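Student: Dropping the structure in here first, questions after.
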Amino acid sequence: MERQAVQRAKEAFLSGRTRPLEFRLQQLHALQRMITEKEAEISTALKQDLNRSQYDTPLLELIGIENEIKLALEKLREWAAPRSVERSLFTISDEVYVQPEPLGVVLIIGAWNYPWAVTLQPLVGAIAAGNAAVVKPSELSEHSSLLLQALLPRYLDKDLYPVVTGGVSETQELLRLRFDHVFYTGSSTVGKLVMAAAARHLTPVTLELGGKSPCYIDKDCEIRVACRRITWGKFVNCGQTCIAPDFILCEPCIQGRVVECLRLTLLEFYGADPKSSPDYGRIINKHHFSRIMGLMEGYTPVVGGQSDASQRYIVLKDVPPHSRLMQEEIFGPLLPIVTVSDMDDAIRFVNEREKPLALYIFCSDKKATKRMIEETSSGGVTVNDVMMHYTLSSLPFGGVGESGMGHYHGKHTFDQLSHQRACLIRSLRMENVNLARYPPQDRRRARKVQMALRSPMIDMSKRTFVWAVTATIIGVGLFITLLVILLIASGLNCTCWYWRGFYN
Amino acid sequence: METQSQVVARLRSAFGSGVTIPVAFRLNQLSELMSMITDNEEQILVALHKDLGKPKFEAIMSEVDIVVNELHHAIANLSSWIQPDYVSKNLATKLDDCFVRREALGVVLIIGPWNYPLHLLLLPLVSAIAAGNCAAIKPSEVSAHTDQLMAELIPKYLSQDCYTVVRGGAEETTTLLLNRFDHIFYTGSQTVARIILQAAAVHLTPVTLELGGKCPCFIYGRVNIAAAARRLAWSKFFNAGQSCVAPDYVLCSPATRDALLPELRQTLEEFYSRDPQTSPDLSRIVSARHWTRLMALLKRSAGEVVLGGESDQQDKYIAPTVLVGVAEDDALMAEEIFGPILPIITVESLEDGIAFINRQEKPLALYVFSDEAAVVNTVLEKTSSGGFCSNDGIIHMCLPTLPFGGVGASGFGSYHGRWGFETFSHRRAVMLRGWTLERLNGLRYPPYREDKLSWLRWTMSAKSSCSIM
């Protein structure tokens, strides 16, 4: 069944109908309509999957997708246009440019924590770049997955963008087939399997994985504000966010204050009984619930800790760095605090571990912040806040090392899912210029070719041309002014020639 | 003798010390690399001649000069490449500093092939150094003299802690791949590429694959056949056809073929004289194994040899050979030729030619010879390839401003110039926020309300960026 869907998508792509920009724009408009018209249904599905509040849905999922679509609609012509590059003396009369082209059929494997955002945002880029796309939403967010399967064919081209649902075996079946790019969002463990499967077909992959995103709180920063921002980022979607601050690093002297601020903020956000708050989410399923409860074993929470079949928030302090809690990505509403002696200690702590998807630094000292950024590595960084670098589509979003490879959002998705084809358009005229490069070779000929190829790059773009003309005009103008000044200074009164006629 | 793991560990600790990060260090190493090439040009030419019978002109143009050009380009532009990119912001982030930093990845592995053993090994190294990485450099053992020379010269000029040559054959490469790298850059064949990708998947290491393929050369419509023949012959028989971007086969109409053959004959005579084996301007096949492979291909082919066909096993020599009457299922069409054998396949129309090309795997390069712009544009639009060049061959890869890389079976990723720098860098998104405007932030905190949501939508929409500022 998967095979047929992929085959149809391939044939639909080869028919060439995704090439015209009008078609892509039309599909993007349709996707936009789907989001707007079906917001209520999507909210309901998310409530069933993750107990998302009706405000969380637009905030966390739909605004992002809408912005991506709007940006693509506005900029597609610009993105898809050929880009001229600088040329050498040898190619001065040729057309030299890079042409973005579609790759073919892209496989998008979504995750369950933001089932709409992480599936549809890559889809926007895939459509904009002119590809066909097979969408495989996560089976764990069951209601969203089934809804997507019902809705997408009603709005988008059925053959080009099929939705394939199913579990592990269906995904494995899909990965046996050949795609032109695989875009996977999920865990590092499965990421390795996806890359290995794609390797068989030499298929490039984009992997948006996770990791333990550290959150360093400097002792001299605005702790109250910091804790409010961290609380929001950590406990939204019940901690099930790839870029959620996974754990806090701070000095022992402020640990008490941090705990207190977190407690106050949690009360502010969710009230005394978070279970009854409409704004507090739930763990996706029993398996993850048991996993998170298991991580907590042996620790006494300083804030929260209650749980039942759904989950409560938990803050833990003085967590030792080598505990089980610190070995895997928490992906839940469990916030450990690990103490470090100072910023250098924190930098060492971060560097001893795998490169995370995001690094958060709360610090008022610009120099110290700069140093921490320079001495660590991560997918992205937000300073004095959490997760916000994700929301700006002009910033490339992606991981490094264990947290993934490739980037997306905005134009970056378009570029990631396109092939940048180098084009050199020459003509067969002026063949005598070329004669020097052919055998039989001698020193004189060789030198000619060397000089032509060694020349520095010449920028023939319009902008440079405009600058050149403007600079020339200004230069000439200044020169004339200088001449006039010199003439006047040397005693010649030029203007009297004009007035002589007037007075006489 | 250090083991491979020890080498990698040493490179990693050198990277960890931060020594490769300052621009001054990178520029210094790039200058040293330049000195290495210019000081030892004679030795390099001798090694290349021993490995491939490479004529001095080809060696200088396609090995020495191309690396030197790339070095000049990198040295001149490095300070602008490493500058952070400030990006456009929405209303919510208007007061923040939002930019993209280019950061080094860490320890990279560069595996070079044997056909341009200097160029295809050192060009990626230039980008790796420019991007601030440490590198394990694995030259191809097939081009043995160049391999030996690189192992001698590189430690004399470059920092031994940061850039180490690792030698060996298939077995050593397999064990080398068990180590963890932060990027692997491989130039070579598809079979080995699969093995490398599998090994990389274990560590989630990103990879750049520069593979090959059968690069079609489509000659169609009104065309200056003499000029076309000359450029075609030059690109095909350069390095005796052992280039990943050499035109592999020709597609044309029967009439064009009939016009092309006498021109090719004349051109080959001009280039290499009546007895190409005596010409100093023709390379040799790299090894006995590849010579045998090519001779076997010729034998299995059902085509008719109309030009060349002579060979000499001792000398690893094959004359520039042209065949006609080759069909799509011929032995010569089953694999990348990678030798001085040029099949000419006839097609009846432009559409047939395009359909033929599209039935094969996406090649690394696609060539069209035609004086009609419409023909060139149609082929360009209806096909896909790593790169495209009309009315010439190979030359598109000499420009450091064009990305050089494949698509589909010809590979992924690209390099040359700034593209190489980006390949070996991590683009880190950075957002520096302040403590103020916490009330604006308040819109996103629970408890949620409808009015908060509408305000938030407005501040985060892309449109709100242009109006005021």
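Simple scheme: letters A, B, ... for chains in structure tokens order, numbers from 1 for residues in each chain, numbers from 1 for ligands in the order shown.
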Within 7 Å of chain B, which residues belong to chain A? Use only C-alpha atoms and report them as a VMD selection string.
Tutor: chain A and resid 55 63 67 85 to 87 98 180 192 195 to 196 199 to 200 202 204 232 269 to 270 279 379 to 385 389 392 394 to 397 401 to 402 405 419 421 to 428 431 438 to 441 446 450 454
Student: If you run DSSP on the backbone, which residues of region 290-487 of chain A are helix (DSSP H, G or I), as a PyMOL selection string?
Tutor: chain A and resi 290-296+324-326+343-352+366-374+388-390+401-403+411-416+431-437+443-454+462-487
Student: Please save C-alpha atoms of the selected residues as a compact mmCIF listing (two decimals), in the first residue's frame.
Tutor:
# COMPACT_ATOMS: atom_id res chain seq x y z
CA SER A 290 6.20 5.07 33.24
CA ARG A 291 9.52 6.13 31.71
CA ILE A 292 9.34 9.56 33.32
CA MET A 293 8.17 8.17 36.67
CA GLY A 294 11.11 5.78 36.50
CA LEU A 295 13.55 8.67 36.02
CA MET A 296 12.24 10.23 39.21
CA ARG A 324 20.09 8.31 35.38
CA LEU A 325 18.04 11.47 35.13
CA MET A 326 20.96 13.12 33.43
CA MET A 343 30.32 29.69 34.50
CA ASP A 344 33.54 27.89 33.54
CA ASP A 345 32.29 24.81 35.36
CA ALA A 346 29.01 25.12 33.49
CA ILE A 347 30.85 25.38 30.15
CA ARG A 348 32.84 22.26 31.01
CA PHE A 349 29.65 20.47 32.00
CA VAL A 350 27.99 21.28 28.69
CA ASN A 351 31.06 20.34 26.63
CA GLU A 352 31.43 16.96 28.33
CA LYS A 366 27.34 40.48 27.64
CA LYS A 367 31.01 39.50 27.62
CA ALA A 368 30.46 36.41 29.71
CA THR A 369 27.53 35.40 27.53
CA LYS A 370 29.64 35.81 24.41
CA ARG A 371 32.33 33.63 25.91
CA MET A 372 29.88 30.90 26.80
CA ILE A 373 28.50 30.89 23.26
CA GLU A 374 31.97 30.77 21.75
CA MET A 388 12.37 31.84 20.95
CA HIS A 389 15.04 31.23 18.29
CA TYR A 390 12.64 28.58 16.96
CA GLY A 401 26.20 16.17 16.27
CA GLU A 402 23.74 13.95 18.16
CA SER A 403 21.02 16.57 17.95
CA LYS A 411 13.81 29.90 3.18
CA HIS A 412 16.04 27.32 4.84
CA THR A 413 13.41 24.61 4.25
CA PHE A 414 13.21 25.61 0.61
CA ASP A 415 16.99 25.41 0.26
CA GLN A 416 17.24 22.16 2.19
CA GLU A 431 36.79 29.59 -30.35
CA ASN A 432 40.20 31.22 -31.00
CA VAL A 433 40.27 32.37 -27.39
CA ASN A 434 39.92 28.73 -26.39
CA LEU A 435 42.72 27.41 -28.59
CA ALA A 436 45.34 27.97 -25.92
CA ARG A 437 43.96 25.20 -23.73
CA ARG A 443 54.74 26.92 -22.24
CA ARG A 444 53.31 30.00 -23.90
CA ARG A 445 49.84 28.54 -24.35
CA ALA A 446 49.82 27.13 -20.85
CA ARG A 447 50.67 30.54 -19.42
CA LYS A 448 47.76 32.14 -21.26
CA VAL A 449 45.28 29.67 -19.82
CA GLN A 450 46.74 30.01 -16.37
CA MET A 451 46.28 33.75 -16.43
CA ALA A 452 42.69 33.49 -17.56
CA LEU A 453 41.79 31.00 -14.87
CA ARG A 454 43.78 32.68 -12.12
CA LYS A 462 23.28 44.61 -10.99
CA ARG A 463 24.12 45.98 -7.56
CA THR A 464 27.81 46.22 -8.33
CA PHE A 465 27.04 47.84 -11.68
CA VAL A 466 24.89 50.50 -10.00
CA TRP A 467 27.62 51.16 -7.44
CA ALA A 468 30.23 51.41 -10.17
CA VAL A 469 28.19 53.93 -12.17
CA THR A 470 27.31 55.98 -9.06
CA ALA A 471 30.90 56.00 -7.89
CA THR A 472 32.07 57.10 -11.33
CA ILE A 473 29.57 59.96 -11.46
CA ILE A 474 30.50 61.10 -7.96
CA GLY A 475 34.18 60.79 -8.80
CA VAL A 476 33.84 62.82 -11.97
CA GLY A 477 31.72 65.37 -10.14
CA LEU A 478 34.31 65.75 -7.40
CA PHE A 479 37.04 66.09 -9.99
CA ILE A 480 35.20 68.89 -11.79
CA THR A 481 34.54 70.63 -8.47
CA LEU A 482 38.22 70.38 -7.61
CA LEU A 483 39.15 71.86 -10.99
CA VAL A 484 36.76 74.77 -10.53
CA ILE A 485 38.08 75.45 -7.03
CA LEU A 486 41.66 75.40 -8.30
CA LEU A 487 40.80 77.74 -11.11
Student: Quote the spacing between CA of Gly112 (chain B) and CA of Val7 (chain B) in Å to one decimal place.
Tutor: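 Atom-to-atom, CA of Gly112 (chain B) to CA of Val7 (chain B), that is 18.1 Å.
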Student: Using only C-alpha atoms, which of A:Lys286, A:His181, A:Arg77, A:Arg176 sits nearest Gly104 (chain A)?
Tutor: A:His181
Student: Step one, run DSSP on the backbone; step two, keep only residues of region 89-165 of chain A assigned to strand (DSSP E or B); then write them as a PyMOL selection string.
Tutor: chain A and resi 95-102+105-109+132-136+163
Student: Find the residues near Ala9 (chain B): any atom within 12 Å, counting only C-alpha atoms, skip ones fewer than 3 places away on the same chain, and give them as a list of chain:residue names.
Tutor: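 So the residues in contact are B:Glu2, B:Thr3, B:Gln4, B:Ser5, B:Gln6, B:Arg12, B:Ser13, B:Ala14, B:Phe15, B:Gly16, B:Gly106, B:Val107, B:Cys134, B:Ala135, B:Ala136, B:Asp161, B:Cys162, B:Thr164, B:Asn179, B:Arg180, B:Phe181.
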Student: Give me the residues within 10 Å of Asn77 (chain B) as a list in words, counting only C-alpha atoms and dropping any in the same chain fewer than 5 places off.
Tutor: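 Contacts, with the query itself left out: Leu71, His72, Ile82, Ala130, Gly417 and Arg418 of chain B.
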Student: Tell me, as JSON, numbers by chain, which residues lie within 12 Å of Pro162 (chain A), counting only C-alpha atoms; anything in the same chain fewer than 2 positions away does not count.
Tutor: {"A": [1, 2, 3, 4, 5, 6, 7, 8, 9, 10, 12, 105, 106, 107, 108, 123, 132, 133, 134, 135, 136, 137, 148, 149, 150, 151, 152, 153, 154, 155, 156, 157, 158, 159, 160, 164, 165]}
Student: For C-alpha atoms, I'd like the residues from the last selection saved as a PDB file, in the first residue's frame.
Tutor:
ATOM      1  CA  MET A   1       0.000   0.000   0.000  1.00  0.00           C
ATOM      2  CA  GLU A   2       2.849   2.342   0.873  1.00  0.00           C
ATOM      3  CA  ARG A   3       4.605   1.255  -2.288  1.00  0.00           C
ATOM      4  CA  GLN A   4       1.671   2.303  -4.448  1.00  0.00           C
ATOM      5  CA  ALA A   5       1.349   5.685  -2.792  1.00  0.00           C
ATOM      6  CA  VAL A   6       5.047   6.355  -3.317  1.00  0.00           C
ATOM      7  CA  GLN A   7       4.922   5.140  -6.906  1.00  0.00           C
ATOM      8  CA  ARG A   8       1.967   7.430  -7.656  1.00  0.00           C
ATOM      9  CA  ALA A   9       3.768  10.354  -6.058  1.00  0.00           C
ATOM     10  CA  LYS A  10       6.827   9.628  -8.189  1.00  0.00           C
ATOM     11  CA  ALA A  12       2.951  12.638 -10.446  1.00  0.00           C
ATOM     12  CA  VAL A 105       9.854  12.758  -3.823  1.00  0.00           C
ATOM     13  CA  VAL A 106      10.522  13.718  -0.220  1.00  0.00           C
ATOM     14  CA  LEU A 107       9.550  11.547   2.763  1.00  0.00           C
ATOM     15  CA  ILE A 108       8.468  13.529   5.817  1.00  0.00           C
ATOM     16  CA  LEU A 123       5.678  20.091   3.899  1.00  0.00           C
ATOM     17  CA  ALA A 132       6.173  15.639  -4.199  1.00  0.00           C
ATOM     18  CA  ALA A 133       5.972  14.551  -0.568  1.00  0.00           C
ATOM     19  CA  VAL A 134       4.901  11.438   1.266  1.00  0.00           C
ATOM     20  CA  VAL A 135       3.775  12.460   4.744  1.00  0.00           C
ATOM     21  CA  LYS A 136       4.022   9.946   7.564  1.00  0.00           C
ATOM     22  CA  PRO A 137       2.608  11.386  10.790  1.00  0.00           C
ATOM     23  CA  LEU A 148      -4.408  14.707   8.763  1.00  0.00           C
ATOM     24  CA  GLN A 149      -5.007  11.647   6.621  1.00  0.00           C
ATOM     25  CA  ALA A 150      -8.646  12.682   6.174  1.00  0.00           C
ATOM     26  CA  LEU A 151      -8.014  16.385   5.551  1.00  0.00           C
ATOM     27  CA  LEU A 152      -4.901  16.654   3.373  1.00  0.00           C
ATOM     28  CA  PRO A 153      -6.318  14.876   0.295  1.00  0.00           C
ATOM     29  CA  ARG A 154      -9.367  17.140   0.451  1.00  0.00           C
ATOM     30  CA  TYR A 155      -7.230  20.249   0.001  1.00  0.00           C
ATOM     31  CA  LEU A 156      -3.998  19.243  -1.714  1.00  0.00           C
ATOM     32  CA  ASP A 157      -3.218  17.209  -4.819  1.00  0.00           C
ATOM     33  CA  LYS A 158      -3.996  13.615  -3.826  1.00  0.00           C
ATOM     34  CA  ASP A 159      -1.256  11.979  -5.845  1.00  0.00           C
ATOM     35  CA  LEU A 160       1.575  14.375  -5.055  1.00  0.00           C
ATOM     36  CA  VAL A 164       0.629   7.237   4.974  1.00  0.00           C
ATOM     37  CA  THR A 165      -0.371   6.238   8.497  1.00  0.00           C
TER      38      THR A 165
END
Student: Any idea what's packed within 12 Å of Ile154 (chain B), counting only C-alpha atoms, ignoring anything in its chain fewer than 3 positions away? Could you give it as a VMD selection string?
Tutor: chain B and resid 29 to 30 32 to 37 40 118 121 to 122 125 135 to 139 146 to 151 157 to 166
